[in-house]
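Chemist: My questions will all concern the structure given below.
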Amino acid sequence: MDHLHRWLGNEIGPGEYAVHSSAGLAADGLGVYLRDAEGARAVVQAFPDLELADGTQGHVYSSPDHRGMAQDWEVFGVCNLYSVTKGQAAIRALFDKVDDQAGNMPPLQGIYPDYMAPVVWNGEGGRVLSMMRWGMPSPAFALKGKKTDRGVTNVRNTKSPHWRRWLGVGNRCVVPFTAFSEPHNRPGKPSEPVWFALSEDQPLAFFAGIWTQWTSVRKLKDGETTDNLYGFLTTDANAEVGQIHPKAMPVILTTEQEVETWLTAETEDALMLQRPLPDGSLTVIGRGSQPPEAKGR
C-alpha cells in the first residue's frame with residue numbers, strides 16, 4: 001500500500017485523488033477516489049495485481065447500491081452534454097475577423113461526446129470557425145487491449161505530458177456554447193441532466209479548449225479515420241454547479257479579453273484561466289435531455 005501511495009502522489013498528483021480506509025472496509029482494503037476516468041484507468045493499468053471490489057475494473061462501474069449501468073463519462077465525467085443554439089453570425093460577431101468553414105450550421109440542442117460541433121481556432125491566416133469531433137486522443141495506457149479510442153472530452157490535469165503537448169497557442173481553441181449540463185445523481189433514481197447557462201436568455205459564451213488533428217479508430221465500422229478533435233478544460237465547481245456535481249465544472253470564458261488571452265497568451269498566463277466562474281455567475285435553466293428554449297427569443 002505504501003507503493004500505491006507513492007505512485008498516486010507522483011503520477012496522479014496532489015489534489016487529484018483521495019484515499020480512505022475505515023472499519024467499514026476489509027482489513028487489507030483501501031478506497032481510492034479519483035477526479036476522472038483517466039486517473040482510474042491509470043491506477044488499474046499500473047497495479048494489475050490488485051483485486052478490485054465490485055466490478056470496478058470494468059469499463060462501466062456498478063456498485064451494490066447502484067444497479068443501473070452508465071457510461072464512464074456519466075460516472076466519472078463532468079460536462080458531456082451541451083448546446084449551442086446561437087447561429088454562426090453570432091459567433092462571428094465576437095471576433096474582428098474569422099474564416100467561417102462551418103458550412104450551414106443549424107442550432108445544436110444536444111451535443112454529446114464524439115459529435116461534430118463548432119470550434120474557433122488559430123489558423124495560419126487568422127481565426128477559423130470550423131466543425132470538429134468532440135473527444136481528444138486518449139492516453140496510451142487507457143487504450144491497452146482496446147480496438148477503438150472513444151476520446152477524452154474533459155481535460156483536468158494540464159501538468160500531464162499527454163496534455164501539455166497541446167497547450168501551446170497553435171492547439172488552443174474556444175468552444176462556443178449557450179448552455180451545458182451536469183449529471184444529477186441521486187440514490188435510487190436515474191441520473192438526470194441539469195442545465196446551466198449564464199442567464200435564462202442563454203447568451204453565447206466559450207469553453208477554453210484544445211484541439212489536434214489525429215488518426216485513430218473511433219468506431220470499428222468506420223475503421224481508421226483522420227479527424228480534427230477537440231476537448232475543453234475543467235476545474236473546481238463553483239457554488240451553483242457544486243450543488244449538482246461537486247467535483248468539477250468546465251472552464252468558461254465570458255469576456256472578449258478572456259477569449260483573446262486563451263487564444264494568444266503564453267501557456268503559463270493562459271492557464272491562469274483554469275478556474276471556476278465566480279459564485280452566482282450561472283443559472284439553472286432546466287432539466288432533461290435538452291435545454292429549454294431561451295427566454296427573450
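We label chains A, B, ... in the order they appear in the C-alpha cells, count residues from 1 in each chain, and number ligands from 1 in the order shown.
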Just list the residues in segment 65-199 of chain A DSSP gives helix (DSSP H, G or I) on the backbone, as a list in words.

Modeler: Asp72, Trp73, Glu74, Val75, Phe76, Gln88, Ala89, Ala90, Ile91, Arg92, Ala140, Phe141, Ala142, Leu143, Pro161, His162, Trp163, Arg164, Val169, Gly170 and Asn171 of chain A

Chemist: Neighbouring residues of Val98 of chain A were defined as those with any atom within 7 Å, considering only C-alpha atoms; residues of the same chain fewer than 2 positions away were excluded. Please report them as a list in words.

Modeler: Arg92, Phe95, Asp96, Asp100, Gly126, Arg127, Val128 and Leu129 of chain A

Chemist: Can you tell me how far atom CA of Pro106 of chain A sits from atom CA of Ala205 of chain A, in Å to one decimal?

Modeler: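 For atom CA of Pro106 of chain A relative to atom CA of Ala205 of chain A, the distance reads 17.4 Å.
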
Chemist: Could you give me, as JSON lines, a per-residue list for segment 217-290 of chain A showing, wherever an atom lies at most 8 Å from an atom of segment 131-137 of chain A, the closest pair of atoms and their distance in Å to one decimal, using only C-alpha atoms and sorting by chain then residue number from low to high?

Modeler:
```
{"residue": "A:Asp227", "atom": "CA", "partner": "A:Arg133", "partner_atom": "CA", "distance": 6.9}
{"residue": "A:Asn228", "atom": "CA", "partner": "A:Met132", "partner_atom": "CA", "distance": 5.3}
{"residue": "A:Leu229", "atom": "CA", "partner": "A:Arg133", "partner_atom": "CA", "distance": 4.8}
{"residue": "A:Tyr230", "atom": "CA", "partner": "A:Trp134", "partner_atom": "CA", "distance": 5.2}
{"residue": "A:Gly231", "atom": "CA", "partner": "A:Gly135", "partner_atom": "CA", "distance": 5.4}
```

Chemist: So that I can check the surroundings of segment 184-194 of chain A, please list as a list in words every protein, DNA and RNA residue that reaches within 7 Å of it, counting only C-alpha atoms and ignoring chain neighbours fewer than 6 positions away.

Modeler: Ile244, His245, Gly286, Arg287, Gly288 and Ser289 of chain A

Chemist: Would you mind telling me which residue in A:Thr267, A:Gln202, A:Gln88, A:Ser181 lies nearest to Ser130 of chain A when using only C-alpha atoms?

Modeler: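 Ranking A:Thr267, A:Gln202, A:Gln88, A:Ser181 by distance to Ser130 of chain A, first place goes to A:Gln88.
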
Chemist: Hey, which of A:Pro113, A:Gly209, A:Gly31, A:Gly280 ends up closest to Leu167 of chain A? Count only C-alpha atoms.

Modeler: A:Gly209

Chemist: Do a neighbour search on Cys79 of chain A at 8 Å with only C-alpha atoms, toss out local chain neighbours closer than 3 positions, and write the hits as a count of residues only.

Modeler: 8

Chemist: As a ChimeraX atom specification, list the residues of segment 168-244 of chain A assigned to strand (DSSP E) by DSSP on the backbone atoms of this structure.

Modeler: /A:172-177,179-184,192-197,205-217,224-235

Chemist: Given the selection you just returned, output its residues as a file containing C-alpha atoms, formatted as a CSV table (one decimal), in the first residue's frame.

Modeler:
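File produced: part16.csv:
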```csv
chain,number,residue,atom,x,y,z
A,172,ARG,CA,-5.7,26.1,-28.2
A,173,CYS,CA,-9.3,26.9,-29.3
A,174,VAL,CA,-12.5,28.2,-27.9
A,175,VAL,CA,-15.7,26.2,-28.0
A,176,PRO,CA,-19.0,28.1,-28.3
A,177,PHE,CA,-21.9,27.1,-26.1
A,179,ALA,CA,-25.9,26.0,-22.1
A,180,PHE,CA,-24.3,23.0,-20.6
A,181,SER,CA,-25.4,20.2,-18.3
A,182,GLU,CA,-24.1,18.3,-15.4
A,183,PRO,CA,-25.4,14.9,-14.2
A,184,HIS,CA,-27.5,15.0,-11.1
A,192,GLU,CA,-30.7,13.4,-14.8
A,193,PRO,CA,-29.0,16.3,-16.7
A,194,VAL,CA,-29.3,19.7,-15.1
A,195,TRP,CA,-28.8,22.6,-17.4
A,196,PHE,CA,-26.8,25.7,-16.6
A,197,ALA,CA,-26.4,29.0,-18.6
A,205,ALA,CA,-20.0,32.0,-24.1
A,206,PHE,CA,-17.0,29.8,-24.7
A,207,PHE,CA,-15.2,26.8,-23.1
A,208,ALA,CA,-11.4,27.0,-23.0
A,209,GLY,CA,-10.4,24.2,-25.3
A,210,ILE,CA,-7.6,22.4,-27.1
A,211,TRP,CA,-7.6,20.6,-30.4
A,212,THR,CA,-5.4,18.4,-32.7
A,213,GLN,CA,-5.6,16.5,-35.9
A,214,TRP,CA,-5.3,12.8,-35.2
A,215,THR,CA,-5.6,9.5,-36.9
A,216,SER,CA,-7.3,6.7,-34.9
A,217,VAL,CA,-10.2,4.2,-34.9
A,224,GLU,CA,-9.2,4.3,-39.2
A,225,THR,CA,-10.0,8.0,-39.8
A,226,THR,CA,-8.2,11.3,-39.6
A,227,ASP,CA,-10.2,13.9,-37.7
A,228,ASN,CA,-9.8,17.3,-36.1
A,229,LEU,CA,-10.6,16.6,-32.4
A,230,TYR,CA,-11.2,18.9,-29.5
A,231,GLY,CA,-11.9,18.9,-25.8
A,232,PHE,CA,-12.1,21.5,-23.1
A,233,LEU,CA,-10.6,22.1,-19.7
A,234,THR,CA,-12.3,21.6,-16.4
A,235,THR,CA,-11.7,23.0,-12.9
```

Chemist: Find the distance between atom CA of Pro276 of chain A and atom CA of Leu81 of chain A and write it in Å to one decimal.

Modeler: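 Atom CA of Pro276 of chain A sits 18.3 Å away from atom CA of Leu81 of chain A.
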